[in-house]
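The file entry-v6.txt comes next; it holds compact mmCIF, C-alpha atoms and all ligand atoms.
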```txt
# COMPACT_ATOMS: atom_id res chain seq x y z
CA MET A 1 28.76 -22.30 -44.71
CA LYS A 2 26.55 -20.09 -46.88
CA ARG A 3 23.53 -22.14 -45.79
CA LEU A 4 24.48 -21.70 -42.15
CA ILE A 5 24.79 -17.91 -42.49
CA ALA A 6 21.45 -17.77 -44.31
CA ALA A 7 19.82 -19.80 -41.53
CA LEU A 8 21.27 -17.48 -38.86
CA ILE A 9 19.96 -14.42 -40.70
CA VAL A 10 16.45 -15.97 -40.82
CA VAL A 11 16.55 -16.84 -37.10
CA ALA A 12 17.73 -13.33 -36.22
CA ALA A 13 15.08 -11.74 -38.42
CA ILE A 14 12.37 -13.62 -36.50
CA ALA A 15 13.88 -13.45 -33.01
CA VAL A 16 14.76 -9.75 -32.83
CA PRO A 17 11.21 -8.42 -33.44
CA ILE A 18 9.83 -10.96 -30.92
CA ALA A 19 12.33 -9.75 -28.31
CA VAL A 20 11.40 -6.13 -28.99
CA VAL A 21 7.67 -6.85 -28.66
CA VAL A 22 8.10 -8.88 -25.47
CA GLY A 23 10.34 -6.19 -23.99
CA ALA A 24 7.80 -3.51 -24.83
CA THR A 25 4.72 -5.24 -23.50
CA ALA A 26 6.01 -7.34 -20.62
CA PRO A 27 8.37 -5.38 -18.37
CA ALA A 28 10.42 -7.36 -15.84
CA ALA A 29 7.81 -8.55 -13.37
CA GLY A 30 9.98 -8.48 -10.26
CA PRO A 31 9.48 -10.84 -7.36
CA GLN A 32 5.97 -12.14 -6.65
CA GLU A 33 6.50 -12.02 -2.89
CA VAL A 34 8.72 -9.85 -0.73
CA THR A 35 9.23 -10.87 2.90
CA LEU A 36 9.73 -7.67 4.86
CA PRO A 37 12.40 -7.21 7.54
CA ALA A 38 11.29 -7.92 11.10
CA PRO A 39 9.81 -4.79 12.72
CA ASP A 40 11.20 -2.93 15.71
CA THR A 41 8.74 -3.67 18.52
CA GLN A 42 10.60 -1.88 21.32
CA GLY A 43 12.30 1.39 20.43
CA GLY A 44 11.55 4.47 18.41
CA MET A 45 9.90 7.80 19.24
CA SER A 46 7.72 7.83 22.33
CA LEU A 47 3.97 7.54 21.80
CA ASN A 48 3.38 10.94 23.38
CA GLU A 49 5.92 12.61 21.12
CA ALA A 50 4.41 10.97 18.02
CA LEU A 51 0.93 12.13 19.10
CA ALA A 52 2.24 15.66 19.65
CA ARG A 53 4.06 15.75 16.28
CA ARG A 54 1.56 14.05 13.95
CA ARG A 55 0.25 16.38 11.22
CA SER A 56 -1.30 15.80 7.81
CA ILE A 57 1.49 16.55 5.33
CA ARG A 58 0.65 16.72 1.61
CA GLY A 59 3.99 17.48 -0.07
CA PHE A 60 6.48 14.67 -0.68
CA ASP A 61 10.05 14.07 -1.82
CA ALA A 62 10.54 11.40 -4.52
CA LYS A 63 13.10 9.55 -2.36
CA ALA A 64 12.14 5.89 -1.99
CA LEU A 65 11.43 4.19 1.32
CA ASP A 66 13.53 1.15 2.14
CA GLN A 67 12.05 -2.22 3.08
CA GLN A 68 12.73 -1.70 6.79
CA GLN A 69 10.66 1.51 6.77
CA LEU A 70 7.88 -0.03 4.69
CA GLY A 71 7.79 -3.11 6.91
CA GLN A 72 7.62 -0.97 10.04
CA LEU A 73 4.74 1.09 8.61
CA LEU A 74 2.77 -2.00 7.58
CA TRP A 75 3.40 -3.78 10.86
CA ALA A 76 1.94 -0.79 12.71
CA THR A 77 -1.02 -0.81 10.31
CA GLN A 78 -2.01 -4.50 10.30
CA GLY A 79 0.96 -6.52 11.56
CA ILE A 80 0.51 -9.54 13.81
CA THR A 81 1.47 -8.72 17.40
CA ASP A 82 0.28 -11.96 19.04
CA PRO A 83 1.32 -14.90 16.87
CA PRO A 84 -0.58 -17.60 18.83
CA THR A 85 -3.93 -15.90 18.14
CA GLY A 86 -2.98 -13.91 15.02
CA HIS A 87 -4.23 -10.73 16.64
CA ARG A 88 -2.88 -7.55 15.09
CA ALA A 89 -1.57 -4.09 16.02
CA ALA A 90 -5.03 -2.63 15.31
CA PRO A 91 -8.17 -4.07 16.92
CA SER A 92 -10.86 -5.88 14.93
CA ALA A 93 -14.52 -6.52 15.71
CA MET A 94 -14.83 -10.16 16.83
CA ALA A 95 -11.24 -10.59 15.54
CA VAL A 96 -12.65 -11.08 12.05
CA TYR A 97 -9.99 -8.89 10.33
CA PRO A 98 -11.92 -7.77 7.24
CA LEU A 99 -9.30 -5.30 5.97
CA THR A 100 -6.91 -5.71 3.04
CA VAL A 101 -4.19 -3.11 2.66
CA TYR A 102 -2.88 -2.43 -0.86
CA VAL A 103 0.62 -1.03 -1.32
CA CYS A 104 1.08 0.95 -4.56
CA THR A 105 4.62 1.78 -5.68
CA ALA A 106 6.43 2.61 -8.93
CA ASP A 107 7.17 -1.14 -9.20
CA GLY A 108 3.56 -2.27 -9.02
CA VAL A 109 0.74 -3.06 -6.63
CA PHE A 110 1.01 -5.46 -3.70
CA THR A 111 -1.17 -6.60 -0.84
CA TYR A 112 0.26 -6.72 2.66
CA GLU A 113 -0.12 -10.19 4.14
CA PRO A 114 0.14 -10.00 7.94
CA LYS A 115 0.86 -13.75 8.12
CA GLY A 116 4.49 -13.95 7.07
CA HIS A 117 4.85 -10.13 7.18
CA LYS A 118 5.16 -9.96 3.41
CA LEU A 119 4.06 -8.20 0.25
CA VAL A 120 2.30 -10.23 -2.42
CA ARG A 121 2.31 -8.78 -5.92
CA VAL A 122 -1.02 -8.26 -7.67
CA SER A 123 0.20 -6.10 -10.57
CA THR A 124 3.34 -4.72 -12.21
CA GLU A 125 1.68 -1.38 -12.98
CA ASP A 126 2.30 1.93 -11.23
CA ARG A 127 -1.21 2.87 -10.03
CA ARG A 128 -0.23 5.58 -7.54
CA ALA A 129 -1.75 8.41 -9.57
CA ASP A 130 -5.08 6.54 -9.88
CA VAL A 131 -5.49 5.94 -6.14
CA THR A 132 -4.03 9.14 -4.64
CA GLN A 133 -4.90 12.82 -4.67
CA PRO A 134 -2.28 14.95 -6.51
CA PRO A 135 0.58 15.97 -4.19
CA ARG A 136 0.66 19.59 -3.04
CA GLY A 137 4.22 20.50 -3.89
CA GLY A 138 7.05 18.11 -4.53
CA GLN A 139 6.63 14.74 -6.20
CA PRO A 140 4.20 11.82 -5.93
CA ALA A 141 4.88 9.94 -2.70
CA PRO A 142 6.93 6.77 -3.30
CA VAL A 143 4.22 4.65 -1.66
CA SER A 144 0.44 4.95 -1.50
CA ILE A 145 -1.32 2.68 0.96
CA VAL A 146 -4.96 1.95 0.19
CA PHE A 147 -7.29 0.73 2.94
CA THR A 148 -10.04 -1.61 1.76
CA GLY A 149 -12.42 -3.91 3.60
CA ASP A 150 -14.77 -6.77 2.89
CA PRO A 151 -17.92 -6.45 5.04
CA SER A 152 -19.10 -9.91 3.95
CA LYS A 153 -16.36 -11.39 6.15
CA PHE A 154 -18.65 -10.75 9.14
CA GLY A 155 -21.13 -13.20 7.62
CA SER A 156 -24.31 -13.67 9.66
CA ARG A 157 -22.62 -12.53 12.87
CA SER A 158 -23.36 -8.83 12.53
CA PRO A 159 -24.61 -7.98 9.04
CA ASP A 160 -26.22 -4.66 10.02
CA ARG A 161 -22.96 -3.37 11.56
CA ALA A 162 -20.50 -4.88 9.06
CA ALA A 163 -19.90 -1.73 6.98
CA ALA A 164 -19.58 0.37 10.15
CA PHE A 165 -17.03 -2.09 11.51
CA VAL A 166 -14.96 -1.77 8.32
CA TYR A 167 -14.93 2.04 8.62
CA LEU A 168 -14.06 1.87 12.32
CA GLU A 169 -11.26 -0.62 11.76
CA VAL A 170 -9.76 1.48 8.97
CA GLY A 171 -9.77 4.41 11.40
CA HIS A 172 -7.77 2.40 13.94
CA ALA A 173 -5.30 1.10 11.36
CA ALA A 174 -4.89 4.47 9.63
CA GLU A 175 -4.09 6.24 12.88
CA ASN A 176 -1.49 3.58 13.67
CA LEU A 177 0.06 4.23 10.25
CA ALA A 178 0.02 8.01 10.77
CA LEU A 179 1.72 7.69 14.16
CA GLU A 180 4.34 5.25 12.86
CA ALA A 181 5.09 7.54 9.90
CA THR A 182 5.54 10.42 12.33
CA ALA A 183 7.83 8.32 14.52
CA LEU A 184 9.96 7.49 11.44
CA GLY A 185 10.18 11.16 10.39
CA LEU A 186 7.95 10.53 7.36
CA ALA A 187 4.98 12.43 5.94
CA THR A 188 1.47 11.16 5.32
CA VAL A 189 -2.16 12.29 5.08
CA PRO A 190 -5.38 10.26 5.27
CA GLN A 191 -7.29 10.90 2.04
CA GLY A 192 -10.98 10.11 2.37
CA GLY A 193 -11.93 12.31 -0.59
CA ILE A 194 -10.76 9.81 -3.19
CA ASP A 195 -12.81 8.46 -6.10
CA ALA A 196 -13.65 5.01 -4.72
CA ALA A 197 -14.92 3.68 -8.08
CA LYS A 198 -11.70 4.76 -9.80
CA VAL A 199 -9.59 3.14 -7.06
CA SER A 200 -11.63 -0.09 -7.30
CA GLU A 201 -11.07 -0.23 -11.04
CA ALA A 202 -7.34 0.62 -10.80
CA LEU A 203 -6.77 -2.13 -8.24
CA ASN A 204 -9.21 -4.57 -9.84
CA LEU A 205 -10.90 -5.09 -6.47
CA PRO A 206 -13.39 -7.92 -5.92
CA GLU A 207 -17.09 -7.01 -6.01
CA GLY A 208 -18.35 -5.69 -2.67
CA THR A 209 -14.95 -4.42 -1.47
CA MET A 210 -15.17 -1.09 0.38
CA VAL A 211 -12.51 1.53 -0.45
CA VAL A 212 -12.08 3.82 2.55
CA TYR A 213 -8.79 5.73 2.56
CA THR A 214 -5.59 6.24 0.66
CA MET A 215 -2.51 7.33 2.60
CA PRO A 216 0.50 8.42 0.54
CA VAL A 217 3.70 8.05 2.58
CA GLY A 218 7.16 9.47 1.91
CA TYR A 219 9.74 11.94 3.07
CA PRO A 220 8.32 15.43 3.51
CA VAL A 221 9.32 17.80 0.73
CA ALA A 222 12.18 20.04 1.83
CA ARG A 223 10.87 23.50 2.62
C1 LIG B 301 -12.19 11.20 7.49
C2 LIG B 301 -11.08 12.11 7.01
C3 LIG B 301 -10.96 12.37 5.66
C4 LIG B 301 -9.93 13.18 5.19
N1 LIG B 301 -9.79 13.36 3.85
C5 LIG B 301 -8.78 14.12 3.37
C6 LIG B 301 -8.59 14.26 1.97
O1 LIG B 301 -9.33 13.73 1.17
N2 LIG B 301 -7.54 15.01 1.56
C7 LIG B 301 -6.67 15.63 2.43
O2 LIG B 301 -5.74 16.29 1.99
N3 LIG B 301 -6.83 15.51 3.77
C8 LIG B 301 -7.85 14.76 4.26
N4 LIG B 301 -8.00 14.58 5.60
C9 LIG B 301 -7.04 15.22 6.55
C10 LIG B 301 -7.68 16.44 7.25
O3 LIG B 301 -7.80 17.51 6.34
C11 LIG B 301 -6.78 16.81 8.44
O4 LIG B 301 -6.79 15.74 9.37
C12 LIG B 301 -7.27 18.07 9.14
O5 LIG B 301 -7.06 19.21 8.34
C13 LIG B 301 -6.56 18.29 10.49
O6 LIG B 301 -5.15 18.40 10.29
P1 LIG B 301 -4.11 17.40 10.97
O7 LIG B 301 -4.39 16.01 10.46
O8 LIG B 301 -2.75 17.89 10.54
O9 LIG B 301 -4.30 17.47 12.45
C14 LIG B 301 -9.03 13.78 6.10
C15 LIG B 301 -9.15 13.50 7.47
C16 LIG B 301 -10.16 12.66 7.92
C17 LIG B 301 -10.24 12.35 9.38
```

Write out the structure in this file as structure tokens.
Ligand SMILES: Cc1cc2nc3c(=O)[nH]c(=O)nc-3n(C[C@H](O)[C@H](O)[C@H](O)COP(=O)(O)O)c2cc1C
Amino acid sequence: MKRLIAALIVVAAIAVPIAVVVGATAPAAGPQEVTLPAPDTQGGMSLNEALARRRSIRGFDAKALDQQQLGQLLWATQGITDPPTGHRAAPSAMAVYPLTVYVCTADGVFTYEPKGHKLVRVSTEDRRADVTQPPRGGQPAPVSIVFTGDPSKFGSRSPDRAAAFVYLEVGHAAENLALEATALGLATVPQGGIDAAKVSEALNLPEGTMVVYTMPVGYPVAR
């Protein structure tokens, strides 16, 4: 019996520090993929009302967005609207689709994958402060959406226009996001004045990736 107790004490003495170290350095990773709810493709605020209401809003409430809201926002941004061809809500030069949209939350960083309408985790770290301008009033927005593009995806088809196409496509997608946020009663602002090198490092982006915009999205701070 004494031997058994001694053995248990030794096991506990080794196991407890290991558990503490693992807990401190490896937080619960969460799911690697999150399939988003199907978007509403019919209803919502009218286009004209959304156009009339859209404003850049820079003060946010900390309240989280739910998956339905996030899915709706991302569908408007880059979601597939014609499954047979894979064409999306925003147009793309020669249907090349060079954009990758990163979704930064308190739970980590994800990419939005139009095929499957899902989030794919790339990190468990909260990078919102690294990719977003400081909020003016209120709290950091619960979600920051970063627009990136890979001009090399145009290959030899249009190398001299590839970077321009990425900028133009981000403009289309970002306006879709702004209008959808407005239609959902949410606040956002397109931030072009971000530090692209800092964003690239925070998101560990592949060489050659263009960083164009960050758009924080959340509830407007109560005035
Ligand atoms: C290319 C571009 C870059 C912008 N960059 C920033 C930015 O870095 N930070 C910011 O707070 N707003 C930024 N804005 C938002 C503008 O300040 C805003 O659109 C303008 O004041 C007009 O206001 P409205 O969007 O409410 O109509 C940017 C807008 C555009 C089109």

Exercise for the section: Determine, counting all atoms listed in the file, which protein, DNA and RNA residues have an atom within 9 Å of an atom of Thr111 of chain A; residues of the same chain fewer than 6 positions away are not included. Present the result as a ChimeraX atom specification. Expected result: /A:100-104,118-122

Exercise for the section: Figure out the distance between atom CA of Lys63 of chain A and atom CA of Gln139 of chain A, please, to one decimal in Å. Expected result: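 Atom CA of Lys63 of chain A lies at a distance of 9.1 Å from atom CA of Gln139 of chain A.
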
Practice task
Enter the distance from atom CA of Arg88 of chain A to atom CA of Gly171 of chain A, in Å, rounded to one decimal.
Solution key: 14.3 Å

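Going from atom N4 of ligand LIG 301 (chain B) to atom CA of Tyr112 of chain A covers 23.0 Å.
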
Exercise for the section: May I ask which of the residues A:Ala52, A:Ala38, A:Val143, A:Ala162 is the closest one to ligand LIG 301 (chain B), counting all atoms listed in the file? Expected result: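 Smallest distance to ligand LIG 301 (chain B) is found for A:Ala52.
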
Per residue of chain A within 7 Å of ligand LIG 301 (chain B), note the shortest atom pair and the distance in Å to one decimal, counting all atoms listed in the file, and order the rows by chain and increasing residue number, as a tab-separated table.
```
residue	atom	partner	partner_atom	distance
A:Arg54	CA	B:LIG301	O8	6.7
A:Arg55	CA	B:LIG301	O8	3.4
A:Ser56	CA	B:LIG301	O8	3.7
A:Ile57	CA	B:LIG301	O8	6.8
A:Arg58	CA	B:LIG301	O2	6.4
A:Val189	CA	B:LIG301	N3	5.8
A:Pro190	CA	B:LIG301	N4	5.1
A:Gln191	CA	B:LIG301	O1	3.6
A:Gly192	CA	B:LIG301	N1	3.8
A:Gly193	CA	B:LIG301	O1	3.4
A:Ile194	CA	B:LIG301	O1	6.0
```

Exercise for the section: Excluding segment 67-77 of chain A and residues on its chain fewer than 3 positions from it, collect all residues at most 9 Å away from it, counting all atoms listed in the file, and give them as a list in words. Expected result: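 Near neighbours after the sequence-gap exclusion: Thr35, Leu36, Pro37, Ala38, Pro39, Asp40, Thr41, Ile80, Thr81, Arg88, Ala89, Ala90, Val101, Tyr112, Pro114, His117, Lys118, Val143, His172, Ala173, Ala174, Glu175, Asn176, Leu177, Ala178, Leu179, Glu180, Ala181 and Leu184 of chain A.
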
Practice task
Tell me, as number ranges by chain, which residues lie within 7 Å of Gly138 of chain A, counting all atoms listed in the file; anything in the same chain fewer than 3 positions away does not count.
Solution key: A: 59-61, 135, 221

Problem - For Gly86 of chain A, the nearest of the candidates A:Gly208, A:Gly116, A:Pro159, A:Gly108, counting all atoms listed in the file - result: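 Using all atoms listed in the file, Gly86 of chain A sits closest to A:Gly116.
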
Exercise for the section: Would you list the contacts of His87 of chain A as a list in words, taking every protein, DNA or RNA residue within 12 Å and counting only C-alpha atoms, but skipping same-chain residues closer than 3 positions in sequence? Expected result: Trp75, Gln78, Gly79, Ile80, Thr81, Asp82, Pro83, Pro84, Ala90, Pro91, Ser92, Ala93, Met94, Ala95, Val96, Tyr97, Pro114 and Lys115 of chain A

Keeping C-alpha atoms, export the residues of the selection given above as a short mmCIF file (atom, residue, chain, number, x, y, z; two decimals), in the coordinates of the input.
```cif
data_model
loop_
_atom_site.label_atom_id
_atom_site.label_comp_id
_atom_site.auth_asym_id
_atom_site.auth_seq_id
_atom_site.Cartn_x
_atom_site.Cartn_y
_atom_site.Cartn_z
CA TRP A 75 3.40 -3.78 10.86
CA GLN A 78 -2.01 -4.50 10.30
CA GLY A 79 0.96 -6.52 11.56
CA ILE A 80 0.51 -9.54 13.81
CA THR A 81 1.47 -8.72 17.40
CA ASP A 82 0.28 -11.96 19.04
CA PRO A 83 1.32 -14.90 16.87
CA PRO A 84 -0.58 -17.60 18.83
CA ALA A 90 -5.03 -2.63 15.31
CA PRO A 91 -8.17 -4.07 16.92
CA SER A 92 -10.86 -5.88 14.93
CA ALA A 93 -14.52 -6.52 15.71
CA MET A 94 -14.83 -10.16 16.83
CA ALA A 95 -11.24 -10.59 15.54
CA VAL A 96 -12.65 -11.08 12.05
CA TYR A 97 -9.99 -8.89 10.33
CA PRO A 114 0.14 -10.00 7.94
CA LYS A 115 0.86 -13.75 8.12
#
```

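Using all atoms listed in the file, the smallest distance between any of A:Pro134, A:Pro151, A:Gly185, A:Gly30 and Met45 of chain A comes from A:Gly185.
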
Problem - Pick from A:Asp150, A:Glu49, A:Glu113, A:Asp130 nearest to Thr214 of chain A, counting only C-alpha atoms - result: A:Asp130

Problem - Radius query 9 Å about (-14.3, 0.4, 8.7), atoms used: all atoms listed in the file, as an MDAnalysis selection string - result: chainID A and resid 98:99 148:149 151 162:172 210 212

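Minimum distance to Val211 of chain A across A:Gln42, A:Ala183, A:Val146, A:Arg127 (counting all atoms listed in the file) occurs at A:Val146.
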
Problem - Selected residue of minimal separation from Tyr213 of chain A among A:Val131, A:Ala64, A:Ala50, A:Val34, counting only C-alpha atoms - result: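 Of A:Val131, A:Ala64, A:Ala50, A:Val34, the one nearest Tyr213 of chain A is A:Val131, counting only C-alpha atoms.
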